Amino acid sequence: MRGRPVEVTATEFRLLHFFATHPGRVFTRDQVLDAVWKETSFVTPRSVDVYVRRLREKIEHDPEDPRYLKTVRGSGYKFEGPR
C-alpha cells in the first residue's frame with residue numbers, strides 16, 4: 001500500500017494479477033473462479049468474495065470504500081487502476 005511491499009498469498013496474487021491485467025472489465029464470480037482457481041473443485045463462488053475482501057484489506061486504504069477492487073452490484077467485480 002502506498003508504494004510499500006504487501007505480502008499476499010499465491011492465490012491473492014493470482015487474483016490481483018487477473019484483475020490488474022483486465023482493468024475496467026467486470027467479471028462474475030464464476031468467471032473469476034474459472035480464471036484464478038481453474039480446476040480446483042472445492043472452491044465455491046462465495047470463496048471469491050472472501051478472497052476479494054482479504055485482498056482489499058491488504059491493498060486498499062479504506063477496504064470499506066475500495067478505490068481499486070470494486071464491486072459492481074448484481075454483476076461481480078472489476079479492477080480500476082490508479083488515476
# chains A, B, ... in the order shown; residues from 1 in each chain; ligands from 1
>>> residues_around(residues="stretch 22-38 of chain A", least_positions_apart="3", cutoff="6 Å", atoms="only C-alpha atoms", output="VMD selection string")
chain A and resid 15 19 45 75 to 80
>>> residues_around(residues="A:Tyr68", least_positions_apart="2", cutoff="9 Å", atoms="only C-alpha atoms", output="list in words")
Arg56, Ile59, Glu60, Pro66, Lys70, Lys78, Phe79, Glu80, Gly81 and Pro82 of chain A
>>> write_last_selection(atoms="N, CA and C atoms", output="mmCIF file, in the first residue's frame")
data_model
loop_
_atom_site.group_PDB
_atom_site.id
_atom_site.type_symbol
_atom_site.label_atom_id
_atom_site.label_comp_id
_atom_site.auth_asym_id
_atom_site.auth_seq_id
_atom_site.Cartn_x
_atom_site.Cartn_y
_atom_site.Cartn_z
ATOM 1 N N ARG A 56 -8.595 -6.732 -0.501
ATOM 2 C CA ARG A 56 -8.901 -5.327 -0.222
ATOM 3 C C ARG A 56 -8.268 -4.867 1.087
ATOM 4 N N ILE A 59 -4.595 -4.134 0.150
ATOM 5 C CA ILE A 59 -4.182 -3.146 -0.858
ATOM 6 C C ILE A 59 -4.945 -1.830 -0.818
ATOM 7 N N GLU A 60 -6.079 -1.813 -0.163
ATOM 8 C CA GLU A 60 -6.908 -0.605 -0.146
ATOM 9 C C GLU A 60 -6.632 0.234 1.100
ATOM 10 N N PRO A 66 -13.507 0.807 -1.438
ATOM 11 C CA PRO A 66 -12.332 0.495 -2.248
ATOM 12 C C PRO A 66 -12.139 1.416 -3.448
ATOM 13 N N LYS A 70 -13.313 -2.975 -7.154
ATOM 14 C CA LYS A 70 -14.694 -2.514 -6.982
ATOM 15 C C LYS A 70 -15.710 -3.634 -7.146
ATOM 16 N N LYS A 78 -14.645 -5.621 -10.545
ATOM 17 C CA LYS A 78 -13.742 -5.069 -11.562
ATOM 18 C C LYS A 78 -12.590 -4.357 -10.871
ATOM 19 N N PHE A 79 -11.514 -4.214 -11.605
ATOM 20 C CA PHE A 79 -10.328 -3.510 -11.115
ATOM 21 C C PHE A 79 -10.215 -2.181 -11.829
ATOM 22 N N GLU A 80 -10.005 -1.131 -11.054
ATOM 23 C CA GLU A 80 -9.757 0.189 -11.617
ATOM 24 C C GLU A 80 -8.358 0.605 -11.229
ATOM 25 N N GLY A 81 -7.524 0.864 -12.208
ATOM 26 C CA GLY A 81 -6.150 1.270 -11.939
ATOM 27 C C GLY A 81 -6.067 2.662 -11.381
ATOM 28 N N PRO A 82 -4.885 3.035 -10.885
ATOM 29 C CA PRO A 82 -4.701 4.384 -10.337
ATOM 30 C C PRO A 82 -4.877 5.446 -11.417
#
>>> select_by_dssp(residues="chain A", states="alpha helix (DSSP H)", output="ChimeraX atom specification")
/A:10-20,29-32,45-59
>>> select_by_dssp(residues="chain A", states="strand (DSSP E or B)", output="PDB file with N, CA, C and O atoms, in the first residue's frame")
ATOM      1  N   PHE A  27     -16.208  -8.876 -14.076  1.00  0.00           N
ATOM      2  CA  PHE A  27     -16.216 -10.333 -14.094  1.00  0.00           C
ATOM      3  C   PHE A  27     -17.176 -10.869 -13.039  1.00  0.00           C
ATOM      4  O   PHE A  27     -17.206 -10.372 -11.909  1.00  0.00           O
ATOM      5  N   LEU A  69     -10.321  -2.299  -6.264  1.00  0.00           N
ATOM      6  CA  LEU A  69     -11.070  -3.537  -6.469  1.00  0.00           C
ATOM      7  C   LEU A  69     -12.535  -3.279  -6.120  1.00  0.00           C
ATOM      8  O   LEU A  69     -12.941  -3.309  -4.963  1.00  0.00           O
ATOM      9  N   LYS A  70     -13.313  -2.975  -7.154  1.00  0.00           N
ATOM     10  CA  LYS A  70     -14.694  -2.514  -6.982  1.00  0.00           C
ATOM     11  C   LYS A  70     -15.710  -3.634  -7.146  1.00  0.00           C
ATOM     12  O   LYS A  70     -15.527  -4.541  -7.951  1.00  0.00           O
ATOM     13  N   THR A  71     -16.796  -3.518  -6.396  1.00  0.00           N
ATOM     14  CA  THR A  71     -17.944  -4.393  -6.575  1.00  0.00           C
ATOM     15  C   THR A  71     -18.903  -3.717  -7.541  1.00  0.00           C
ATOM     16  O   THR A  71     -19.196  -2.530  -7.406  1.00  0.00           O
ATOM     17  N   VAL A  72     -19.373  -4.478  -8.520  1.00  0.00           N
ATOM     18  CA  VAL A  72     -20.386  -3.983  -9.446  1.00  0.00           C
ATOM     19  C   VAL A  72     -21.655  -4.735  -9.089  1.00  0.00           C
ATOM     20  O   VAL A  72     -21.801  -5.923  -9.387  1.00  0.00           O
ATOM     21  N   GLY A  76     -20.642  -8.417 -10.444  1.00  0.00           N
ATOM     22  CA  GLY A  76     -19.399  -9.039  -9.995  1.00  0.00           C
ATOM     23  C   GLY A  76     -18.393  -8.019  -9.511  1.00  0.00           C
ATOM     24  O   GLY A  76     -18.733  -7.116  -8.755  1.00  0.00           O
ATOM     25  N   TYR A  77     -17.174  -8.160 -10.012  1.00  0.00           N
ATOM     26  CA  TYR A  77     -16.072  -7.304  -9.579  1.00  0.00           C
ATOM     27  C   TYR A  77     -15.304  -6.766 -10.767  1.00  0.00           C
ATOM     28  O   TYR A  77     -15.279  -7.379 -11.834  1.00  0.00           O
ATOM     29  N   LYS A  78     -14.645  -5.621 -10.545  1.00  0.00           N
ATOM     30  CA  LYS A  78     -13.742  -5.069 -11.562  1.00  0.00           C
ATOM     31  C   LYS A  78     -12.590  -4.357 -10.871  1.00  0.00           C
ATOM     32  O   LYS A  78     -12.688  -3.959  -9.709  1.00  0.00           O
ATOM     33  N   PHE A  79     -11.514  -4.214 -11.605  1.00  0.00           N
ATOM     34  CA  PHE A  79     -10.328  -3.510 -11.115  1.00  0.00           C
ATOM     35  C   PHE A  79     -10.215  -2.181 -11.829  1.00  0.00           C
ATOM     36  O   PHE A  79     -10.327  -2.114 -13.060  1.00  0.00           O
TER      37      PHE A  79
END
>>> atom_distance(atom1="atom CA of A:Ser47", atom2="atom CA of A:Asp65")
20.3 Å
>>> closest_residue(among="A:Arg54, A:Glu39, A:Thr44, A:Asp62", to="A:Leu16", atoms="only C-alpha atoms")
A:Arg54
>>> closest_residue(among="A:His61, A:Pro5, A:Thr21, A:Glu12", to="A:Asp49", atoms="only C-alpha atoms")
A:Glu12
>>> atom_distance(atom1="atom CA of A:Leu55", atom2="atom CA of A:Arg67")
12.3 Å
>>> decode(residues="stretch 35-51 of chain A", atoms="N, CA, C and O atoms", output="short mmCIF file (atom, residue, chain, number, x, y, z; two decimals), in the first residue's frame")
data_model
loop_
_atom_site.label_atom_id
_atom_site.label_comp_id
_atom_site.auth_asym_id
_atom_site.auth_seq_id
_atom_site.Cartn_x
_atom_site.Cartn_y
_atom_site.Cartn_z
N ALA A 35 -10.92 -18.46 -14.03
CA ALA A 35 -9.63 -17.88 -14.40
C ALA A 35 -8.56 -18.05 -13.32
O ALA A 35 -7.39 -18.28 -13.64
N VAL A 36 -8.93 -17.95 -12.07
CA VAL A 36 -7.95 -17.94 -10.99
C VAL A 36 -7.77 -19.31 -10.35
O VAL A 36 -6.65 -19.72 -10.05
N TRP A 37 -8.85 -20.03 -10.15
CA TRP A 37 -8.76 -21.32 -9.46
C TRP A 37 -8.71 -22.50 -10.43
O TRP A 37 -8.45 -23.61 -10.03
N LYS A 38 -9.04 -22.26 -11.68
CA LYS A 38 -9.02 -23.27 -12.74
C LYS A 38 -9.81 -24.52 -12.37
O LYS A 38 -11.00 -24.47 -12.23
N GLU A 39 -9.14 -25.64 -12.14
CA GLU A 39 -9.80 -26.93 -11.94
C GLU A 39 -10.02 -27.30 -10.47
O GLU A 39 -10.36 -28.43 -10.16
N THR A 40 -9.80 -26.38 -9.56
CA THR A 40 -9.97 -26.68 -8.15
C THR A 40 -11.46 -26.84 -7.85
O THR A 40 -12.24 -25.91 -8.00
N SER A 41 -11.85 -28.02 -7.41
CA SER A 41 -13.28 -28.32 -7.27
C SER A 41 -13.87 -27.91 -5.91
O SER A 41 -15.07 -27.77 -5.80
N PHE A 42 -13.04 -27.71 -4.90
CA PHE A 42 -13.59 -27.43 -3.58
C PHE A 42 -13.80 -25.94 -3.32
O PHE A 42 -14.16 -25.55 -2.22
N VAL A 43 -13.61 -25.11 -4.31
CA VAL A 43 -13.79 -23.67 -4.17
C VAL A 43 -15.17 -23.30 -4.72
O VAL A 43 -15.55 -23.73 -5.80
N THR A 44 -15.91 -22.50 -3.96
CA THR A 44 -17.24 -22.09 -4.37
C THR A 44 -17.22 -20.64 -4.85
O THR A 44 -16.28 -19.90 -4.55
N PRO A 45 -18.25 -20.22 -5.56
CA PRO A 45 -18.30 -18.81 -5.98
C PRO A 45 -18.19 -17.83 -4.81
O PRO A 45 -17.62 -16.75 -4.95
N ARG A 46 -18.70 -18.19 -3.65
CA ARG A 46 -18.60 -17.29 -2.49
C ARG A 46 -17.17 -17.17 -1.98
O ARG A 46 -16.83 -16.22 -1.28
N SER A 47 -16.31 -18.13 -2.32
CA SER A 47 -14.89 -18.03 -1.96
C SER A 47 -14.26 -16.81 -2.61
O SER A 47 -13.35 -16.20 -2.05
N VAL A 48 -14.75 -16.45 -3.78
CA VAL A 48 -14.25 -15.25 -4.46
C VAL A 48 -14.46 -14.04 -3.57
O VAL A 48 -13.56 -13.21 -3.41
N ASP A 49 -15.63 -13.95 -2.94
CA ASP A 49 -15.93 -12.82 -2.05
C ASP A 49 -14.92 -12.75 -0.91
O ASP A 49 -14.45 -11.67 -0.55
N VAL A 50 -14.61 -13.90 -0.34
CA VAL A 50 -13.67 -13.95 0.79
C VAL A 50 -12.29 -13.47 0.35
O VAL A 50 -11.67 -12.65 1.03
N TYR A 51 -11.83 -13.95 -0.78
CA TYR A 51 -10.50 -13.55 -1.26
C TYR A 51 -10.46 -12.09 -1.68
O TYR A 51 -9.46 -11.41 -1.45
#
